[in-house]
$ cat model37.txt   # compact mmCIF, C-alpha atoms and all ligand atoms
# COMPACT_ATOMS: atom_id res chain seq x y z
CA MET A 273 20.20 -57.98 -133.43
CA ASN A 274 18.17 -59.66 -136.15
CA LYS A 275 15.81 -57.89 -138.51
CA LEU A 276 12.62 -59.17 -136.90
CA VAL A 277 13.67 -57.75 -133.52
CA LEU A 278 14.37 -54.41 -135.21
CA ASN A 279 10.94 -54.57 -136.82
CA SER A 280 9.27 -55.14 -133.41
CA GLU A 281 11.28 -52.29 -131.94
CA SER A 282 10.16 -49.91 -134.65
CA LEU A 283 6.53 -50.95 -134.23
CA ASN A 284 6.81 -50.48 -130.46
CA ASN A 285 8.25 -47.02 -131.08
CA VAL A 286 5.14 -46.11 -133.07
CA LEU A 287 2.95 -47.24 -130.18
CA GLU A 288 4.96 -44.92 -127.94
CA ASN A 289 4.12 -41.98 -130.26
CA LYS A 290 7.59 -41.87 -131.85
CA ILE A 291 7.77 -40.93 -135.50
CA ILE A 292 9.41 -43.65 -137.56
CA SER A 293 11.89 -43.02 -140.34
CA ARG A 294 11.68 -44.04 -144.01
CA ASP A 295 14.34 -46.70 -143.43
CA GLU A 296 12.36 -48.21 -140.57
CA ILE A 297 9.18 -48.20 -142.67
CA ILE A 298 10.95 -49.97 -145.53
CA GLN A 299 12.27 -52.54 -143.07
CA ILE A 300 8.79 -53.06 -141.62
CA TYR A 301 7.43 -53.52 -145.14
CA GLU A 302 10.13 -56.07 -146.02
CA ASP A 303 9.57 -58.02 -142.81
CA SER A 304 5.78 -57.94 -143.16
CA LYS A 305 5.50 -59.11 -146.78
CA ASN A 306 5.17 -62.76 -145.79
CA ASN A 307 3.87 -62.37 -142.27
CA PRO A 308 2.04 -59.09 -141.71
CA ASN A 309 0.40 -60.05 -138.38
CA GLU A 310 2.54 -57.84 -136.16
CA LEU A 311 2.13 -54.89 -138.51
CA PHE A 312 -1.64 -55.41 -138.65
CA SER A 313 -1.99 -55.69 -134.89
CA THR A 314 0.09 -52.54 -134.33
CA ALA A 315 -2.01 -50.64 -136.89
CA GLN A 316 -5.15 -51.84 -135.14
CA LYS A 317 -3.88 -50.82 -131.69
CA LEU A 318 -3.19 -47.33 -133.04
CA ARG A 319 -6.57 -47.17 -134.70
CA LYS A 320 -8.31 -48.09 -131.44
CA LYS A 321 -6.14 -45.70 -129.44
CA PHE A 322 -6.95 -42.68 -131.61
CA LYS A 323 -10.30 -43.54 -133.19
CA GLU A 324 -11.92 -45.76 -130.56
CA ASN A 325 -14.76 -48.09 -131.53
CA SER A 326 -16.60 -46.19 -134.21
CA VAL A 327 -16.27 -46.12 -137.97
CA THR A 328 -17.60 -43.17 -139.94
CA PHE A 329 -18.98 -42.48 -143.41
CA SER A 330 -20.42 -39.52 -145.26
CA LYS A 331 -23.92 -39.94 -146.68
CA LYS A 332 -23.68 -38.34 -150.07
CA ALA A 333 -25.20 -37.67 -153.45
CA PHE A 334 -22.71 -37.75 -156.34
CA PHE A 335 -23.13 -34.83 -158.76
CA ASN A 336 -21.39 -35.89 -161.92
CA ILE A 337 -20.95 -32.44 -163.42
CA VAL A 338 -19.08 -33.40 -166.61
CA ASN A 339 -16.94 -36.30 -167.83
CA LEU A 340 -14.88 -34.27 -170.29
CA CYS A 341 -11.26 -34.24 -169.14
CA LYS A 342 -8.15 -32.74 -170.72
CA ASP A 343 -6.03 -35.71 -169.57
CA THR A 344 -6.01 -39.44 -170.22
CA CYS A 345 -5.06 -41.97 -167.53
CA SER A 346 -4.60 -45.56 -168.66
CA TYR A 347 -7.05 -46.98 -166.12
CA CYS A 348 -9.90 -44.49 -166.37
CA THR A 349 -13.40 -44.99 -167.78
CA TYR A 350 -14.75 -41.77 -166.28
CA LYS A 351 -13.33 -39.54 -169.00
CA ALA A 352 -15.53 -39.22 -172.08
CA GLU A 353 -14.96 -37.67 -175.50
CA PRO A 354 -17.41 -35.32 -177.25
CA GLY A 355 -20.20 -37.33 -178.83
CA GLU A 356 -20.16 -39.88 -176.04
CA GLU A 357 -22.53 -39.86 -173.09
CA LYS A 358 -22.31 -37.20 -170.37
CA THR A 359 -20.20 -34.64 -172.15
CA SER A 360 -22.41 -31.62 -171.66
CA LEU A 361 -22.38 -30.21 -168.18
CA MET A 362 -25.08 -31.15 -165.69
CA SER A 363 -27.62 -28.33 -165.95
CA LYS A 364 -28.66 -26.07 -163.09
CA GLN A 365 -32.10 -27.65 -163.25
CA GLU A 366 -30.65 -31.18 -162.98
CA ILE A 367 -28.52 -30.10 -160.05
CA LYS A 368 -31.52 -28.61 -158.25
CA GLN A 369 -33.60 -31.74 -158.89
CA LEU A 370 -30.91 -34.05 -157.56
CA LEU A 371 -30.37 -31.81 -154.53
CA ASN A 372 -34.08 -32.04 -153.72
CA ILE A 373 -34.04 -35.84 -154.02
CA ALA A 374 -30.82 -36.05 -151.99
CA LYS A 375 -32.48 -34.08 -149.21
CA LYS A 376 -35.40 -36.53 -149.20
CA TYR A 377 -32.90 -39.39 -148.89
CA ARG A 378 -31.33 -37.56 -145.92
CA CYS A 379 -27.99 -37.13 -147.64
CA VAL A 380 -25.58 -34.73 -145.97
CA GLU A 381 -22.86 -34.30 -148.59
CA ALA A 382 -23.12 -32.97 -152.14
CA LEU A 383 -20.07 -34.36 -153.94
CA PHE A 384 -19.26 -32.35 -157.08
CA VAL A 385 -16.96 -34.08 -159.57
CA THR A 386 -15.63 -33.06 -162.98
CA GLY A 387 -12.90 -34.21 -165.31
CA GLU A 388 -9.69 -32.21 -165.35
CA GLN A 389 -10.18 -28.61 -166.62
CA PRO A 390 -12.54 -29.58 -169.48
CA GLU A 391 -12.70 -26.11 -171.01
CA GLN A 392 -8.95 -26.09 -171.62
CA ARG A 393 -9.33 -28.79 -174.23
CA TYR A 394 -12.95 -28.94 -175.44
CA GLN A 395 -14.88 -26.30 -177.39
CA GLU A 396 -18.07 -28.07 -176.29
CA ALA A 397 -17.32 -27.22 -172.64
CA ARG A 398 -16.35 -23.62 -173.49
CA ASP A 399 -19.59 -23.16 -175.45
CA TRP A 400 -21.73 -24.59 -172.67
CA LEU A 401 -20.15 -22.37 -170.03
CA LYS A 402 -20.53 -19.25 -172.22
CA THR A 403 -24.17 -19.98 -173.05
CA ASN A 404 -24.95 -20.49 -169.38
CA GLY A 405 -23.12 -17.37 -168.21
CA PHE A 406 -20.04 -18.87 -166.53
CA LYS A 407 -16.41 -18.02 -167.22
CA SER A 408 -15.05 -21.41 -166.13
CA THR A 409 -15.98 -24.82 -164.74
CA ALA A 410 -14.73 -23.60 -161.35
CA GLU A 411 -17.17 -20.69 -161.44
CA TYR A 412 -20.00 -23.11 -162.22
CA LEU A 413 -18.89 -25.33 -159.33
CA ILE A 414 -19.12 -22.35 -157.00
CA HIS A 415 -22.67 -21.75 -158.20
CA ALA A 416 -23.56 -25.45 -157.76
CA SER A 417 -22.08 -25.43 -154.25
CA GLU A 418 -24.20 -22.42 -153.30
CA LEU A 419 -27.31 -24.21 -154.57
CA ALA A 420 -26.40 -27.17 -152.32
CA ILE A 421 -25.97 -25.01 -149.23
CA GLU A 422 -29.32 -23.29 -149.85
CA ARG A 423 -30.94 -26.74 -149.70
CA GLY A 424 -29.09 -27.88 -146.59
CA LEU A 425 -26.44 -30.11 -148.16
CA PHE A 426 -22.72 -29.60 -147.59
CA PRO A 427 -20.48 -29.43 -150.68
CA HIS A 428 -17.22 -31.29 -151.20
CA THR A 429 -15.67 -30.62 -154.61
CA ASN A 430 -13.21 -32.84 -156.42
CA ALA A 431 -12.35 -31.18 -159.71
CA GLY A 432 -8.66 -31.97 -160.17
CA ASN A 433 -5.88 -29.41 -160.29
CA LEU A 434 -7.65 -26.15 -159.50
CA ASP A 435 -5.56 -23.02 -159.27
CA LYS A 436 -5.15 -21.07 -156.05
CA GLU A 437 -7.71 -18.38 -156.90
CA ASP A 438 -10.37 -20.97 -157.73
CA LEU A 439 -9.61 -22.90 -154.56
CA LYS A 440 -9.96 -19.70 -152.56
CA GLU A 441 -13.38 -18.97 -154.06
CA LEU A 442 -14.62 -22.54 -153.69
CA GLN A 443 -13.48 -22.59 -150.08
CA LYS A 444 -16.28 -20.15 -149.23
CA SER A 445 -18.97 -22.70 -150.03
CA ASN A 446 -17.17 -26.06 -149.61
CA VAL A 447 -16.63 -27.52 -146.17
CA SER A 448 -13.78 -29.61 -147.58
CA MET A 449 -12.30 -30.52 -150.94
CA GLY A 450 -10.55 -33.52 -152.44
CA ILE A 451 -7.72 -34.41 -154.77
CA MET A 452 -5.92 -37.74 -154.90
CA LEU A 453 -2.16 -37.57 -154.88
CA GLU A 454 -2.29 -41.14 -156.29
CA ASN A 455 1.48 -41.55 -156.39
CA ILE A 456 4.55 -39.38 -156.05
CA SER A 457 6.52 -41.34 -158.65
CA GLU A 458 7.79 -39.56 -161.77
CA ARG A 459 8.36 -43.02 -163.27
CA LEU A 460 4.59 -43.56 -163.50
CA THR A 461 4.36 -40.53 -165.82
CA LYS A 462 6.83 -41.96 -168.35
CA LYS A 463 5.92 -43.52 -171.71
CA GLY A 464 3.93 -46.73 -171.28
CA MET A 465 2.98 -45.88 -167.69
CA PRO A 466 -0.53 -44.96 -166.42
CA HIS A 467 0.02 -41.20 -166.10
CA TYR A 468 1.95 -40.67 -169.34
CA LEU A 469 -0.89 -38.66 -170.93
CA ALA A 470 -2.01 -36.91 -167.74
CA THR A 471 -0.04 -33.77 -167.03
CA SER A 472 -2.27 -33.05 -164.04
CA LYS A 473 -0.97 -36.24 -162.39
CA LYS A 474 2.65 -35.09 -162.51
CA PRO A 475 3.72 -35.28 -158.87
CA LYS A 476 4.96 -31.69 -158.89
CA ALA A 477 1.60 -30.40 -160.18
CA ARG A 478 -0.43 -32.39 -157.64
CA LEU A 479 1.83 -31.38 -154.77
CA GLU A 480 1.52 -27.75 -155.76
CA VAL A 481 -2.29 -27.96 -155.54
CA LEU A 482 -2.06 -29.65 -152.15
CA GLU A 483 0.46 -27.03 -150.98
CA ASN A 484 -1.97 -24.30 -152.03
CA THR A 485 -4.82 -25.93 -150.10
CA GLY A 486 -2.51 -26.00 -147.09
CA LYS A 487 -1.72 -22.29 -147.42
CA LEU A 488 -5.46 -21.59 -147.71
CA ARG A 489 -6.32 -23.88 -144.78
CA ILE A 490 -8.80 -26.00 -146.71
CA PRO A 491 -9.60 -29.34 -145.06
CA MET A 492 -8.41 -31.78 -147.71
CA THR A 493 -9.09 -35.37 -148.57
CA THR A 494 -6.27 -36.91 -150.53
CA GLY A 495 -5.00 -40.42 -151.05
CA ILE A 496 -3.05 -43.02 -152.92
CA LEU A 497 -3.99 -45.45 -155.65
CA VAL A 498 -2.61 -48.92 -154.93
CA GLY A 499 -1.71 -51.43 -157.63
CA ILE A 500 -1.20 -49.30 -160.77
CA GLY A 501 2.32 -50.58 -161.35
CA GLU A 502 4.08 -48.75 -158.55
CA THR A 503 6.87 -50.25 -156.49
CA PRO A 504 6.42 -50.64 -152.72
CA MET A 505 9.04 -47.91 -152.21
CA GLU A 506 7.04 -45.56 -154.42
CA ILE A 507 3.90 -46.17 -152.39
CA ILE A 508 5.80 -45.64 -149.12
CA ASP A 509 7.24 -42.40 -150.49
CA SER A 510 3.76 -41.29 -151.51
CA ILE A 511 2.41 -41.84 -147.99
CA LEU A 512 5.43 -40.00 -146.61
CA ALA A 513 4.77 -37.09 -148.99
CA ILE A 514 1.26 -36.80 -147.54
CA ARG A 515 2.66 -36.95 -143.99
CA LYS A 516 5.10 -34.17 -144.87
CA LEU A 517 2.33 -31.96 -146.26
CA HIS A 518 0.26 -32.53 -143.15
CA GLU A 519 3.21 -31.77 -140.87
CA LYS A 520 3.72 -28.51 -142.74
CA TYR A 521 0.12 -27.28 -143.06
CA GLY A 522 -2.05 -29.50 -140.83
CA ASN A 523 -4.92 -29.53 -143.35
CA ILE A 524 -5.05 -33.16 -144.52
CA GLN A 525 -8.22 -34.45 -142.93
CA GLU A 526 -8.28 -37.88 -144.48
CA VAL A 527 -6.26 -40.32 -146.59
CA ILE A 528 -8.06 -42.61 -149.03
CA VAL A 529 -6.21 -45.84 -149.70
CA GLN A 530 -7.79 -46.99 -152.95
CA ASN A 531 -7.21 -50.31 -154.62
CA PHE A 532 -6.85 -50.44 -158.40
CA GLN A 533 -9.55 -52.41 -160.21
CA PRO A 534 -9.07 -52.99 -163.97
CA LYS A 535 -11.79 -51.74 -166.29
CA GLN A 536 -12.82 -52.91 -169.73
CA ASP A 537 -12.08 -50.51 -172.60
CA THR A 538 -8.96 -49.15 -170.94
CA LEU A 539 -5.28 -49.70 -171.69
CA MET A 540 -4.96 -51.43 -168.31
CA LYS A 541 -7.87 -53.83 -168.79
CA ASN A 542 -5.59 -56.88 -168.46
CA PHE A 543 -3.69 -55.53 -165.48
CA PRO A 544 -4.49 -57.48 -162.27
CA SER A 545 -6.49 -55.94 -159.41
CA ALA A 546 -4.40 -54.85 -156.45
CA ASN A 547 -3.36 -57.91 -154.46
CA GLU A 548 -5.42 -57.90 -151.25
CA ASN A 549 -2.55 -58.80 -148.90
CA TYR A 550 -0.38 -56.05 -150.40
CA PHE A 551 -3.31 -53.62 -150.21
CA LYS A 552 -3.84 -54.42 -146.53
CA ILE A 553 -0.13 -53.97 -145.81
CA VAL A 554 -0.32 -50.52 -147.46
CA VAL A 555 -3.36 -49.63 -145.34
CA ALA A 556 -1.58 -50.73 -142.15
CA LEU A 557 1.60 -48.86 -143.15
CA THR A 558 -0.48 -45.71 -143.69
CA ARG A 559 -1.78 -46.07 -140.13
CA ILE A 560 1.67 -46.50 -138.60
CA ILE A 561 3.08 -43.62 -140.67
CA MET A 562 0.19 -41.32 -139.65
CA PRO A 563 -1.26 -42.81 -136.45
CA LYS A 564 -3.90 -40.09 -135.91
CA MET A 565 -4.98 -39.68 -139.54
CA ASN A 566 -8.49 -40.57 -140.74
CA ILE A 567 -7.93 -43.45 -143.13
CA GLN A 568 -10.55 -44.88 -145.46
CA ILE A 569 -10.94 -47.55 -148.08
CA PRO A 570 -13.87 -47.41 -150.51
CA PRO A 571 -16.13 -50.34 -149.50
CA ASN A 572 -17.56 -50.76 -153.01
CA LEU A 573 -14.11 -51.60 -154.45
CA SER A 574 -13.68 -54.55 -152.06
CA PRO A 575 -17.29 -55.76 -152.07
CA ASN A 576 -16.66 -59.15 -150.44
CA SER A 577 -14.03 -58.24 -147.91
CA TYR A 578 -14.28 -54.54 -147.06
CA HIS A 579 -15.23 -55.29 -143.44
CA SER A 580 -11.92 -57.18 -142.94
CA PHE A 581 -10.09 -53.87 -143.38
CA LEU A 582 -11.54 -52.81 -140.04
CA SER A 583 -8.82 -54.94 -138.46
CA VAL A 584 -5.86 -53.38 -140.28
CA GLY A 585 -6.28 -49.74 -139.34
CA ILE A 586 -9.07 -47.94 -141.23
CA ASN A 587 -11.65 -45.78 -139.45
CA ASP A 588 -13.82 -44.50 -142.31
CA TRP A 589 -15.76 -45.73 -145.36
CA GLY A 590 -15.70 -42.43 -147.25
CA GLY A 591 -18.73 -41.14 -149.08
CA VAL A 592 -21.50 -43.67 -149.65
CA SER A 593 -24.58 -42.81 -151.67
CA PRO A 594 -28.00 -44.38 -151.27
CA LEU A 595 -29.21 -42.91 -154.58
CA THR A 596 -26.45 -42.18 -157.09
CA PRO A 597 -23.82 -44.50 -158.59
CA ASP A 598 -20.09 -44.15 -158.07
CA TYR A 599 -19.61 -42.51 -161.47
CA VAL A 600 -15.85 -43.08 -161.32
CA ASN A 601 -16.34 -46.82 -160.72
CA PRO A 602 -19.88 -47.40 -162.05
CA GLU A 603 -19.45 -51.19 -162.14
CA PHE A 604 -19.00 -51.22 -158.34
CA SER A 605 -22.21 -50.29 -156.53
CA TRP A 606 -21.95 -49.13 -152.94
CA PRO A 607 -23.19 -51.64 -150.42
CA GLU A 608 -26.42 -50.55 -148.74
CA ILE A 609 -25.79 -48.38 -145.70
CA LYS A 610 -27.69 -50.86 -143.53
CA LYS A 611 -25.33 -53.62 -144.68
CA ILE A 612 -22.27 -51.50 -143.95
CA GLU A 613 -23.72 -50.76 -140.54
CA GLN A 614 -24.31 -54.47 -139.82
CA ASP A 615 -20.90 -55.56 -141.14
CA SER A 616 -19.23 -52.86 -139.04
CA LYS A 617 -21.19 -53.96 -135.99
CA ASN A 618 -20.20 -57.60 -136.53
CA ALA A 619 -16.57 -56.46 -136.54
CA GLY A 620 -17.11 -54.57 -133.26
CA PHE A 621 -17.55 -51.03 -134.57
CA GLU A 622 -20.46 -48.60 -134.49
CA LEU A 623 -21.25 -46.85 -137.78
CA LYS A 624 -21.64 -43.09 -137.45
CA CYS A 625 -22.40 -40.46 -140.08
CA ARG A 626 -19.98 -37.55 -140.37
CA PHE A 627 -20.02 -34.34 -142.33
CA PRO A 628 -17.73 -34.10 -145.39
CA VAL A 629 -15.44 -32.30 -142.94
CA TYR A 630 -14.14 -34.12 -139.86
CA PRO A 631 -14.71 -32.52 -136.43
CA GLU A 632 -10.96 -31.94 -135.94
CA PHE A 633 -11.14 -29.43 -138.82
CA PHE A 634 -14.24 -27.44 -137.85
CA SER A 635 -12.07 -24.47 -136.90
CA PHE A 636 -11.08 -24.18 -140.60
CA ILE A 637 -14.68 -23.53 -141.65
CA GLY A 638 -16.36 -20.13 -142.01
CA LYS A 639 -18.94 -19.09 -139.44
CA GLU A 640 -21.92 -19.21 -141.78
CA LEU A 641 -21.22 -22.79 -142.88
CA ARG A 642 -20.54 -23.86 -139.31
CA ASN A 643 -23.87 -22.41 -138.17
CA LYS A 644 -25.67 -24.43 -140.84
CA MET A 645 -23.86 -27.58 -139.73
CA LYS A 646 -24.81 -27.00 -136.11
CA GLU A 647 -28.49 -27.41 -137.03
CA ILE A 648 -27.95 -31.17 -137.53
CA GLU A 649 -24.81 -31.80 -135.48
CA ASP A 650 -24.50 -33.92 -132.34
CA GLU A 651 -22.21 -33.36 -129.36
CA GLU A 652 -19.37 -35.33 -131.05
CA GLY A 653 -19.47 -33.09 -134.14
CA LEU A 654 -21.12 -35.85 -136.19
CA VAL A 655 -24.56 -35.89 -137.83
CA LYS A 656 -27.44 -36.54 -135.45
CA GLN A 657 -28.98 -39.94 -136.13
CA GLU A 658 -32.41 -38.53 -136.91
CA TYR A 659 -30.93 -36.57 -139.83
CA TRP A 660 -29.37 -39.51 -141.67
CA LYS A 661 -31.10 -42.75 -140.61
S1 LIG A 701 -8.51 -40.32 -163.81
FE1 LIG A 701 -9.16 -38.16 -163.74
S2 LIG A 701 -7.51 -37.05 -164.79
FE2 LIG A 701 -7.29 -39.21 -165.36
S3 LIG A 701 -8.46 -39.40 -167.28
FE3 LIG A 701 -9.84 -39.95 -165.61
S4 LIG A 701 -10.92 -38.06 -165.16
FE4 LIG A 701 -9.10 -37.49 -166.32
$ encode --input "model37.txt" --output "structure tokens"
Amino acid sequence: MNKLVLNSESLNNVLENKIISRDEIIQIYEDSKNNPNELFSTAQKLRKKFKENSVTFSKKAFFNIVNLCKDTCSYCTYKAEPGEEKTSLMSKQEIKQLLNIAKKYRCVEALFVTGEQPEQRYQEARDWLKTNGFKSTAEYLIHASELAIERGLFPHTNAGNLDKEDLKELQKSNVSMGIMLENISERLTKKGMPHYLATSKKPKARLEVLENTGKLRIPMTTGILVGIGETPMEIIDSILAIRKLHEKYGNIQEVIVQNFQPKQDTLMKNFPSANENYFKIVVALTRIIMPKMNIQIPPNLSPNSYHSFLSVGINDWGGVSPLTPDYVNPEFSWPEIKKIEQDSKNAGFELKCRFPVYPEFFSFIGKELRNKMKEIEDEEGLVKQEYWK
């Protein structure tokens, strides 16, 4: 039997709900490099089978709490040093003001983002927290999340490698949380590689955080970063690591497949953007590895072609803000929601607004939060049109 027949057999197995092995996935990747059509059409069949004809997004406001970060990744412009812009924490007053504006814009999600454990490295962060009566950034995030709930927004925190106690406390006010796995490869943490100066990106450390979220039953968004110098095997192993976590704990609500875009003033400024064909193959592989998973690409990072990913397996656009920038990728504005809606419609999909937690994970959420969600929820567990349009 030749390899292409084997490839078709494996893809047919996926359509029949059989789990495929690492060897089969590698073979599918090898056979699809030059002609990915069969892989793409299988991914799309699965997407339609499990996610039907809608594509979701979360209407959010991005609360950029602080850019100080104890680590340094070679591709990042988010991290700032003391003396640069945005190194004191966003004040309570600023948070309240933005929450009020977000409510007027009919946002549903309050996304809280910080650099990695700023107070571990910077006196400036320690001083700010002490002056404002907080023991840690995590404690301040809990306070910020409570402010969001009071105003009818639903928090989703992405603050890096939080410890189990902090996760447990944040869980009370966050309907979901996020941390990118990025890649499982130790090689990418070696000298000269993007995660060399980022201990929080060590695969073992990231996996431990994700394991803890599983034990705590926190609905988690995680994902992979495509095109930072990884090998195809390393990306396949990273997707498989996420599948394994989800098989064990069942708490991964969504996988972001994010394409690398080089940024000025970083060590990787001359590194090429992720190749689009390779990126699409990775998206489609993610779908066949986890057929029922919610899979998103960020539309702002593929501004001219994001809609074409609707035919390789995605079913979500992630968080999109009508009022705040993507502070992690400030040079890439989000398309307007109306444009995303039209582009999705042209591709045959209806745009719907979801909560930062997907309906499949509502049973993970505390009663009080669920009751608040019900005030604006439709019969599918999504946000009623009149509350976001
Ligand atoms: S990517 Fe995250 S961990 Fe790495 S330097 Fe930027 S803020 Fe810090």
$ residues_near_ligand --input "model37.txt" --ligand "ligand LIG 701 (chain A)" --cutoff "12 Å" --atoms "all atoms listed in the file" --output "PyMOL selection string"
chain A and resi 336-353+385-390+393+430-433+451-454+461+466-474+478+497+500+532+535+538-539+599-601
$ residues_near_point --input "model37.txt" --point "(-22.4, -34.3, -140.0)" --cutoff "10 Å" --atoms "only C-alpha atoms" --output "ChimeraX atom specification"
/A:329-331,379-381,426,624-631,645-650,652-657,659-660
$ residues_around --input "model37.txt" --residues "region 570-572 of chain A" --least-positions-apart "6" --cutoff "8 Å" --atoms "all atoms listed in the file" --output "MDAnalysis selection string"
chainID A and resid 528:530 578:579 589:590 604:607
$ write_last_selection --input "model37.txt" --atoms "C-alpha atoms" --output "short mmCIF file (atom, residue, chain, number, x, y, z; two decimals), in the frame of the given file"
data_model
loop_
_atom_site.label_atom_id
_atom_site.label_comp_id
_atom_site.auth_asym_id
_atom_site.auth_seq_id
_atom_site.Cartn_x
_atom_site.Cartn_y
_atom_site.Cartn_z
CA ILE A 528 -8.06 -42.61 -149.03
CA VAL A 529 -6.21 -45.84 -149.70
CA GLN A 530 -7.79 -46.99 -152.95
CA TYR A 578 -14.28 -54.54 -147.06
CA HIS A 579 -15.23 -55.29 -143.44
CA TRP A 589 -15.76 -45.73 -145.36
CA GLY A 590 -15.70 -42.43 -147.25
CA PHE A 604 -19.00 -51.22 -158.34
CA SER A 605 -22.21 -50.29 -156.53
CA TRP A 606 -21.95 -49.13 -152.94
CA PRO A 607 -23.19 -51.64 -150.42
#
$ atom_distance --input "model37.txt" --atom1 "CA of Leu582 (chain A)" --atom2 "CA of Thr558 (chain A)"
13.6 Å
$ residues_around --input "model37.txt" --residues "region 636-642 of chain A" --least-positions-apart "2" --cutoff "12 Å" --atoms "all atoms listed in the file" --output "ChimeraX atom specification"
/A:417-418,420-422,424-427,443-449,485-492,521-525,627-634,644-649,653
$ write_last_selection --input "model37.txt" --atoms "C-alpha atoms" --output "PDB file, keeping the file's coordinate frame"
ATOM      1  CA  SER A 417     -22.080 -25.430-154.250  1.00  0.00           C
ATOM      2  CA  GLU A 418     -24.200 -22.420-153.300  1.00  0.00           C
ATOM      3  CA  ALA A 420     -26.400 -27.170-152.320  1.00  0.00           C
ATOM      4  CA  ILE A 421     -25.970 -25.010-149.230  1.00  0.00           C
ATOM      5  CA  GLU A 422     -29.320 -23.290-149.850  1.00  0.00           C
ATOM      6  CA  GLY A 424     -29.090 -27.880-146.590  1.00  0.00           C
ATOM      7  CA  LEU A 425     -26.440 -30.110-148.160  1.00  0.00           C
ATOM      8  CA  PHE A 426     -22.720 -29.600-147.590  1.00  0.00           C
ATOM      9  CA  PRO A 427     -20.480 -29.430-150.680  1.00  0.00           C
ATOM     10  CA  GLN A 443     -13.480 -22.590-150.080  1.00  0.00           C
ATOM     11  CA  LYS A 444     -16.280 -20.150-149.230  1.00  0.00           C
ATOM     12  CA  SER A 445     -18.970 -22.700-150.030  1.00  0.00           C
ATOM     13  CA  ASN A 446     -17.170 -26.060-149.610  1.00  0.00           C
ATOM     14  CA  VAL A 447     -16.630 -27.520-146.170  1.00  0.00           C
ATOM     15  CA  SER A 448     -13.780 -29.610-147.580  1.00  0.00           C
ATOM     16  CA  MET A 449     -12.300 -30.520-150.940  1.00  0.00           C
ATOM     17  CA  THR A 485      -4.820 -25.930-150.100  1.00  0.00           C
ATOM     18  CA  GLY A 486      -2.510 -26.000-147.090  1.00  0.00           C
ATOM     19  CA  LYS A 487      -1.720 -22.290-147.420  1.00  0.00           C
ATOM     20  CA  LEU A 488      -5.460 -21.590-147.710  1.00  0.00           C
ATOM     21  CA  ARG A 489      -6.320 -23.880-144.780  1.00  0.00           C
ATOM     22  CA  ILE A 490      -8.800 -26.000-146.710  1.00  0.00           C
ATOM     23  CA  PRO A 491      -9.600 -29.340-145.060  1.00  0.00           C
ATOM     24  CA  MET A 492      -8.410 -31.780-147.710  1.00  0.00           C
ATOM     25  CA  TYR A 521       0.120 -27.280-143.060  1.00  0.00           C
ATOM     26  CA  GLY A 522      -2.050 -29.500-140.830  1.00  0.00           C
ATOM     27  CA  ASN A 523      -4.920 -29.530-143.350  1.00  0.00           C
ATOM     28  CA  ILE A 524      -5.050 -33.160-144.520  1.00  0.00           C
ATOM     29  CA  GLN A 525      -8.220 -34.450-142.930  1.00  0.00           C
ATOM     30  CA  PHE A 627     -20.020 -34.340-142.330  1.00  0.00           C
ATOM     31  CA  PRO A 628     -17.730 -34.100-145.390  1.00  0.00           C
ATOM     32  CA  VAL A 629     -15.440 -32.300-142.940  1.00  0.00           C
ATOM     33  CA  TYR A 630     -14.140 -34.120-139.860  1.00  0.00           C
ATOM     34  CA  PRO A 631     -14.710 -32.520-136.430  1.00  0.00           C
ATOM     35  CA  GLU A 632     -10.960 -31.940-135.940  1.00  0.00           C
ATOM     36  CA  PHE A 633     -11.140 -29.430-138.820  1.00  0.00           C
ATOM     37  CA  PHE A 634     -14.240 -27.440-137.850  1.00  0.00           C
ATOM     38  CA  LYS A 644     -25.670 -24.430-140.840  1.00  0.00           C
ATOM     39  CA  MET A 645     -23.860 -27.580-139.730  1.00  0.00           C
ATOM     40  CA  LYS A 646     -24.810 -27.000-136.110  1.00  0.00           C
ATOM     41  CA  GLU A 647     -28.490 -27.410-137.030  1.00  0.00           C
ATOM     42  CA  ILE A 648     -27.950 -31.170-137.530  1.00  0.00           C
ATOM     43  CA  GLU A 649     -24.810 -31.800-135.480  1.00  0.00           C
ATOM     44  CA  GLY A 653     -19.470 -33.090-134.140  1.00  0.00           C
TER      45      GLY A 653
END
$ closest_residue --input "model37.txt" --among "A:Thr403, A:Ser313, A:Asn484, A:Asn289" --to "Leu434 (chain A)" --atoms "all atoms listed in the file"
A:Asn484
$ atom_distance --input "model37.txt" --atom1 "CA of Pro504 (chain A)" --atom2 "CA of Ile298 (chain A)"
8.5 Å
$ residues_near_point --input "model37.txt" --point "(-20.7, -27.8, -171.6)" --cutoff "7 Å" --atoms "all atoms listed in the file" --output "MDAnalysis selection string"
chainID A and resid 359:361 396:401
$ atom_distance --input "model37.txt" --atom1 "CA of Arg459 (chain A)" --atom2 "CA of Pro308 (chain A)"
27.6 Å
$ closest_residue --input "model37.txt" --among "A:Arg559, A:Lys661, A:Lys564, A:Lys516" --to "Thr314 (chain A)" --atoms "only C-alpha atoms"
A:Arg559
$ closest_residue --input "model37.txt" --among "A:Glu526, A:Glu603, A:Glu506, A:Asp615" --to "Gly591 (chain A)" --atoms "only C-alpha atoms"
A:Glu526
$ axis_aligned_box --input "model37.txt" --around "region 385-403 of chain A" --padding-each-side "6 Å" --output "lines of an AutoDock Vina configuration file"
center_x = -16.6
center_y = -26.7
center_z = -168.5
size_x = 27.2
size_y = 27.0
size_z = 29.8
